[in-house]
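**Q** Take this structure first; my questions come after.
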Amino acid sequence: MKLENLNSFTYLIVLSFVSLSINADTLYTELGGSEGINKLVTKAVEVSHADQRIAFLFEDSDDEELIIQISDQICFLSDGPCEYDGQDMDEVHSGMEITEAEFDIFVAIVIDAMEYADISHSSRNKLLALLAPMREEIINQ
Amino acid sequence: MTKAHAIPNIPKQAHRMLTMLIACWLIIASSSINAYEVGSRLLATGGVTQIEGSAGSGIVPWAVLPGYGQKDEWGGEAFATYVNTDDYDLSMVGVSVAINNRVELSLATQILGIDSIAQPLGLPDNELKQTVAGVKVKLFGDLIYTTLPQVSLGIQYKKNTDFDVPALTGAKDDHGVDFYLAATKLWLSGINGYPILLNTTVRSTKANQLGLLGFGGDLDDSRSILFEGSVGVLLRRDLLLGFDYRQKPDNLSFAKEDDWMDLFIAWFPNKHLSITGAWTELGDIAGKKNQSGFYISLEGSF
């Protein structure tokens with residue numbers, strides 16, 4: 001292996017990382033504000049009802065209330081002008097015994113819904129990063 | 001060399017290419033069948049299949065499990081990979097399964113075409129072949145969801161099909177076992193929302209050029225502890241750009257062995273298929289200097 005090859009590889013990687021890290025907006029704005037968040041959550045709930053692998057988890061839910069709760073939570077997490085006064089995540093999911101697989105299926109549905117709401121790749125991942133730590137309070141409860 | 005050994009070059013290379021084409025056709029055909037349930041894990045979280053058949057990137061095994069099976073599900077991959085450098089070509093096909101997102105079982109064969117050195121050196125064969133059987137077990141952690149990285153322990157049992165050429169180069173054994181410990185972590189927010197993946201693998205091995213030139217050697221017949229690393233960025237949900245580095249041992253006096261690296265891009269159009277292209281820098285191989293070239297891999301998964 002030649003040193004100049006390693007140098008040009010390193011240069012390429014540093015360059016691509018730098019070009020990715022130019023930014024301005026807050027996440028709430030990037031998500032399209034309350035309109036964008038409502039659009040993605042409504043879509044995610046709708047698709048979850050239609051997906052036979054996880055539909056049973058949404059059977060008894062009050063969709064209108066569920067959409068408000070999740071939207072408020074996302075608004076709050078993304079530094080939007082909302083207070084989230086909902087229940088704790090482990091309480092909400094208590095007794096549902098959501099598996100790792102069902103959790104991942106829902107995450108994929110949320111990603112699709114964010115795409116549907118025209119939210120960019122980088123904004124999608126910033127939101128996912130905020131939601132990911134909740135997994136431990138959601139699965140196997 | 002006797003007449004019996006004077007095997008023409010073309011048929012063997014053609015045979016390799018035909019095998020690869022059949023493997024690719026099988027992968028594409030099976031990936032278009034929707035008869036089986038695809039696993040629940042997120043797109044690209046199985047990585048691709050590295051050159052020894054384990055889930056990872058181009059040349060480095062990661063802690064991830066192949067395919068998309070989550071806990072209580074199965075996953076798996078079938079792959080065909082072709083590497084072409086200045087003086088060699090390397091063809092690989094293999095399959096792997098993942099049980100419960102916990103245990104990976106893999107089987108792969110590698111064929112290195114050595115036409116460029118076989119005749120000048122009067123070697124008895126113009127191909128080097130080996131089979132790799134692997135087991136990997138996830139110890140703890142999750143690629144995405146836990147603060148700690150996902151950590152797995154793996155072994156790769158490697159066996160040369162024919163030991164004549166490796167023996168001539170000074171290799172001591174026609175088989176060997178690699179042990180590796182891999183830690184892999186994907187940070188979703190990454191750099192401004194572009195997820196960053198980091199992998200570190202530590203390997204104990206006696207394999208010369210992956211094992212294609214046998215195991216152990218006249219210079220050094222002991223195990224080497226080697227570092228392997230990958231860094232990647234998810235440019236899109238379905239597009240992973242990354243860089244691999246792999247330390248190599250140097251056991252044979254007849255030719256020095258260099259560290260390997262590659263710059264790769266993997267595309268995951270859906271959970272059934274991925275295509276990886278890479279530029280590789282493989283250094284000196286069996287006396288031929290500065291081997292660089294392209295790498296292309298087609299994979300089917302579920």
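Ordered as shown in the structure tokens, chains take letters A, B, and onward, while each chain numbers its residues from 1 and ligands are numbered from 1 in the order shown.
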Would you list the contacts of region 96-112 of chain A as a ChimeraX atom specification, taking every protein, DNA or RNA residue within 8 Å and counting only C-alpha atoms, but skipping same-chain residues closer than 5 positions in sequence?

**A** /A:40-41,44,47-48,53-54,57,124,135,138-141 /B:40-42,70-72

**Q** Just N, CA and C atoms for this one: save the residues we selected as a PDB file, in the first residue's frame.

**A**
```pdb
ATOM      1  N   LEU A  40     -47.141  13.406   8.792  1.00  0.00           N
ATOM      2  CA  LEU A  40     -46.378  12.156   8.910  1.00  0.00           C
ATOM      3  C   LEU A  40     -47.011  11.219   9.946  1.00  0.00           C
ATOM      4  N   VAL A  41     -47.484  11.775  11.060  1.00  0.00           N
ATOM      5  CA  VAL A  41     -48.058  10.921  12.106  1.00  0.00           C
ATOM      6  C   VAL A  41     -49.376  10.305  11.632  1.00  0.00           C
ATOM      7  N   ALA A  44     -48.504   7.519   9.324  1.00  0.00           N
ATOM      8  CA  ALA A  44     -47.927   6.367  10.019  1.00  0.00           C
ATOM      9  C   ALA A  44     -49.011   5.543  10.714  1.00  0.00           C
ATOM     10  N   VAL A  47     -51.108   3.690   8.002  1.00  0.00           N
ATOM     11  CA  VAL A  47     -50.408   2.537   7.429  1.00  0.00           C
ATOM     12  C   VAL A  47     -50.293   1.404   8.454  1.00  0.00           C
ATOM     13  N   SER A  48     -50.097   1.762   9.730  1.00  0.00           N
ATOM     14  CA  SER A  48     -49.993   0.743  10.781  1.00  0.00           C
ATOM     15  C   SER A  48     -51.276  -0.080  10.874  1.00  0.00           C
ATOM     16  N   ARG A  53     -49.059  -7.186  10.025  1.00  0.00           N
ATOM     17  CA  ARG A  53     -48.082  -7.646  11.015  1.00  0.00           C
ATOM     18  C   ARG A  53     -48.203  -6.895  12.344  1.00  0.00           C
ATOM     19  N   ILE A  54     -48.694  -5.649  12.291  1.00  0.00           N
ATOM     20  CA  ILE A  54     -48.793  -4.887  13.547  1.00  0.00           C
ATOM     21  C   ILE A  54     -50.168  -4.252  13.763  1.00  0.00           C
ATOM     22  N   LEU A  57     -51.939  -4.231  17.130  1.00  0.00           N
ATOM     23  CA  LEU A  57     -51.464  -3.361  18.207  1.00  0.00           C
ATOM     24  C   LEU A  57     -52.229  -2.040  18.241  1.00  0.00           C
ATOM     25  N   ARG A 124     -34.991  13.323   8.783  1.00  0.00           N
ATOM     26  CA  ARG A 124     -35.583  12.050   9.221  1.00  0.00           C
ATOM     27  C   ARG A 124     -34.693  11.390  10.266  1.00  0.00           C
ATOM     28  N   ARG A 135     -36.984   3.091  22.732  1.00  0.00           N
ATOM     29  CA  ARG A 135     -37.230   1.675  22.424  1.00  0.00           C
ATOM     30  C   ARG A 135     -37.302   0.814  23.676  1.00  0.00           C
ATOM     31  N   ILE A 138     -40.535   0.849  25.308  1.00  0.00           N
ATOM     32  CA  ILE A 138     -41.672   0.447  24.483  1.00  0.00           C
ATOM     33  C   ILE A 138     -41.749  -1.071  24.299  1.00  0.00           C
ATOM     34  N   ILE A 139     -40.600  -1.699  24.015  1.00  0.00           N
ATOM     35  CA  ILE A 139     -40.644  -3.146  23.743  1.00  0.00           C
ATOM     36  C   ILE A 139     -40.725  -3.973  25.021  1.00  0.00           C
ATOM     37  N   ASN A 140     -41.330  -5.149  24.869  1.00  0.00           N
ATOM     38  CA  ASN A 140     -41.415  -6.149  25.933  1.00  0.00           C
ATOM     39  C   ASN A 140     -42.001  -5.610  27.235  1.00  0.00           C
ATOM     40  N   GLN A 141     -43.002  -4.715  27.126  1.00  0.00           N
ATOM     41  CA  GLN A 141     -43.623  -4.180  28.352  1.00  0.00           C
ATOM     42  C   GLN A 141     -44.885  -4.982  28.686  1.00  0.00           C
TER      43      GLN A 141
ATOM     44  N   SER B  40     -37.761  -8.156   9.663  1.00  0.00           N
ATOM     45  CA  SER B  40     -38.300  -6.869  10.113  1.00  0.00           C
ATOM     46  C   SER B  40     -37.261  -5.772  10.288  1.00  0.00           C
ATOM     47  N   ARG B  41     -35.984  -6.137  10.369  1.00  0.00           N
ATOM     48  CA  ARG B  41     -34.977  -5.103  10.646  1.00  0.00           C
ATOM     49  C   ARG B  41     -34.933  -4.063   9.531  1.00  0.00           C
ATOM     50  N   LEU B  42     -34.394  -2.894   9.862  1.00  0.00           N
ATOM     51  CA  LEU B  42     -34.385  -1.780   8.914  1.00  0.00           C
ATOM     52  C   LEU B  42     -33.418  -2.023   7.754  1.00  0.00           C
ATOM     53  N   GLN B  70     -35.140 -10.285  12.645  1.00  0.00           N
ATOM     54  CA  GLN B  70     -35.060  -9.723  13.991  1.00  0.00           C
ATOM     55  C   GLN B  70     -35.157 -10.911  14.958  1.00  0.00           C
ATOM     56  N   LYS B  71     -35.212 -10.644  16.236  1.00  0.00           N
ATOM     57  CA  LYS B  71     -35.422 -11.692  17.227  1.00  0.00           C
ATOM     58  C   LYS B  71     -36.673 -12.499  16.842  1.00  0.00           C
ATOM     59  N   ASP B  72     -36.616 -13.817  16.965  1.00  0.00           N
ATOM     60  CA  ASP B  72     -37.716 -14.716  16.577  1.00  0.00           C
ATOM     61  C   ASP B  72     -37.941 -14.770  15.068  1.00  0.00           C
TER      62      ASP B  72
END
```

**Q** Which neighbours of region 284-289 of chain B fall inside 12 Å, counting only C-alpha atoms, when residues of the same chain fewer than 5 positions from it are skipped, and could you give them as an mmCIF file with C-alpha atoms, in the first residue's frame?

**A**
```cif
data_model
loop_
_atom_site.group_PDB
_atom_site.id
_atom_site.type_symbol
_atom_site.label_atom_id
_atom_site.label_comp_id
_atom_site.auth_asym_id
_atom_site.auth_seq_id
_atom_site.Cartn_x
_atom_site.Cartn_y
_atom_site.Cartn_z
ATOM 1 C CA MET A 1 0.000 0.000 0.000
ATOM 2 C CA LYS A 2 1.325 3.407 -0.939
ATOM 3 C CA THR B 85 -6.676 -6.202 -9.795
ATOM 4 C CA ASP B 86 -3.748 -5.504 -12.101
ATOM 5 C CA ASP B 87 -2.484 -9.102 -12.068
ATOM 6 C CA TYR B 88 -5.153 -11.205 -10.377
ATOM 7 C CA ASP B 89 -8.855 -11.882 -10.193
ATOM 8 C CA LEU B 112 -7.951 -16.574 -6.928
ATOM 9 C CA ILE B 114 -3.002 -16.535 -10.638
ATOM 10 C CA ASP B 115 -2.316 -16.820 -14.375
ATOM 11 C CA SER B 116 0.128 -13.904 -14.135
ATOM 12 C CA ILE B 117 2.529 -15.821 -11.882
ATOM 13 C CA ALA B 118 1.663 -19.465 -12.586
ATOM 14 C CA PRO B 120 6.623 -17.510 -15.044
ATOM 15 C CA LEU B 121 7.184 -19.309 -11.737
ATOM 16 C CA LEU B 128 -5.913 -20.989 -5.666
ATOM 17 C CA VAL B 165 1.093 -23.879 -4.532
ATOM 18 C CA PRO B 166 0.790 -22.638 -0.908
ATOM 19 C CA LEU B 168 5.790 -24.044 -2.521
ATOM 20 C CA THR B 169 5.513 -20.510 -1.128
ATOM 21 C CA GLY B 170 6.507 -21.698 2.341
ATOM 22 C CA ASN B 208 -1.666 -15.768 4.261
ATOM 23 C CA GLN B 209 -3.639 -13.624 1.786
ATOM 24 C CA LEU B 210 -6.933 -14.608 3.462
ATOM 25 C CA LEU B 212 -5.460 -18.600 -0.227
ATOM 26 C CA LEU B 213 -1.676 -18.937 0.242
ATOM 27 C CA LYS B 248 -2.576 -8.411 7.213
ATOM 28 C CA ASP B 250 3.424 -11.242 6.876
ATOM 29 C CA ASN B 251 4.410 -14.882 7.292
ATOM 30 C CA LEU B 252 6.082 -15.818 4.005
ATOM 31 C CA SER B 253 9.638 -14.902 3.015
ATOM 32 C CA PHE B 254 9.085 -15.341 -0.742
ATOM 33 C CA ALA B 255 6.889 -12.236 -0.965
ATOM 34 C CA LYS B 256 5.710 -9.610 1.463
ATOM 35 C CA GLU B 257 2.035 -9.181 2.287
ATOM 36 C CA ASP B 258 0.487 -5.707 2.634
ATOM 37 C CA ASP B 259 -2.489 -4.260 4.478
ATOM 38 C CA TRP B 260 -5.674 -3.940 2.420
#
```

**Q** What's the 10 Å shell around Ile68 (chain A), counting only C-alpha atoms, without same-chain residues fewer than 3 positions away, as a PyMOL selection string?

**A** chain A and resi 38+41-42+63-65+71-74+86

**Q** Next, dump the selected residues to file, keeping only C-alpha atoms, as an mmCIF file, in the first residue's frame.

**A**
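Wrote it out as again07.cif, contents follow:
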```cif
data_model
loop_
_atom_site.group_PDB
_atom_site.id
_atom_site.type_symbol
_atom_site.label_atom_id
_atom_site.label_comp_id
_atom_site.auth_asym_id
_atom_site.auth_seq_id
_atom_site.Cartn_x
_atom_site.Cartn_y
_atom_site.Cartn_z
ATOM 1 C CA ASN A 38 -49.350 15.972 11.650
ATOM 2 C CA VAL A 41 -48.058 10.921 12.106
ATOM 3 C CA THR A 42 -51.477 10.601 10.448
ATOM 4 C CA ASP A 63 -56.699 7.373 16.484
ATOM 5 C CA GLU A 64 -57.520 11.040 16.904
ATOM 6 C CA GLU A 65 -56.068 11.064 20.428
ATOM 7 C CA SER A 71 -47.506 14.766 17.206
ATOM 8 C CA ASP A 72 -47.138 16.715 20.464
ATOM 9 C CA GLN A 73 -44.329 14.464 21.524
ATOM 10 C CA ILE A 74 -42.452 14.915 18.229
ATOM 11 C CA GLY A 86 -48.695 12.548 27.934
#
```

**Q** What residues in chain B lie within 9 Å of chain A, counting only C-alpha atoms, written as JSON, numbers by chain?

**A** {"B": [39, 40, 41, 42, 43, 69, 70, 71, 72, 73, 144, 145, 146, 147, 187, 188, 189, 190, 191, 192, 193, 194, 195, 233, 235, 236, 237, 242, 243, 258, 259, 260, 261, 262, 263, 281, 282, 283, 284, 290, 291]}

**Q** Residues of region 180-249 of chain B classed as strand (DSSP E) by DSSP on the backbone are to be reported as a PyMOL selection string.

**A** chain B and resi 180-191+194-205+224-236+239-246

**Q** Measure the distance from CA of Phe227 (chain B) to CA of Lys138 (chain B) in Å and round it to one decimal.

**A**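 Value for the CA of Phe227 (chain B)-CA of Lys138 (chain B) distance: 19.2 Å.
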
**Q** Near region 148-164 of chain B, counting only C-alpha atoms, which residues have an atom at most 6 Å away, once you skip same-chain residues fewer than 6 positions from it, shown as a VMD selection string?

**A** chain B and resid 63 129 to 142 174 to 185

**Q** Looking only at the backbone, which of the residues in region 54-153 of chain B does DSSP tag as alpha helix (DSSP H), as a count of residues only?

**A** 4

**Q** Neighbouring residues of Asn84 (chain B) were defined as those with any atom within 7 Å, considering only C-alpha atoms; residues of the same chain fewer than 6 positions away were excluded. Please report them as a list of chain:residue names.

**A** B:Leu90, B:Gly293, B:Phe294, B:Tyr295

**Q** Output C-alpha atoms for every residue in the selection just made, as a PDB file, in the first residue's frame.

**A**
```
ATOM      1  CA  LEU B  90     -10.727 -13.141  -7.166  1.00  0.00           C
ATOM      2  CA  GLY B 293      -8.602  -2.605  -8.887  1.00  0.00           C
ATOM      3  CA  PHE B 294     -12.355  -2.813  -8.727  1.00  0.00           C
ATOM      4  CA  TYR B 295     -14.665  -4.891  -6.595  1.00  0.00           C
TER       5      TYR B 295
END
```

**Q** So, counting only C-alpha atoms, which residue among A:Met89, A:Ala55, A:Leu31, A:Ser94 is closest to Gln69 (chain A)?

**A** A:Met89
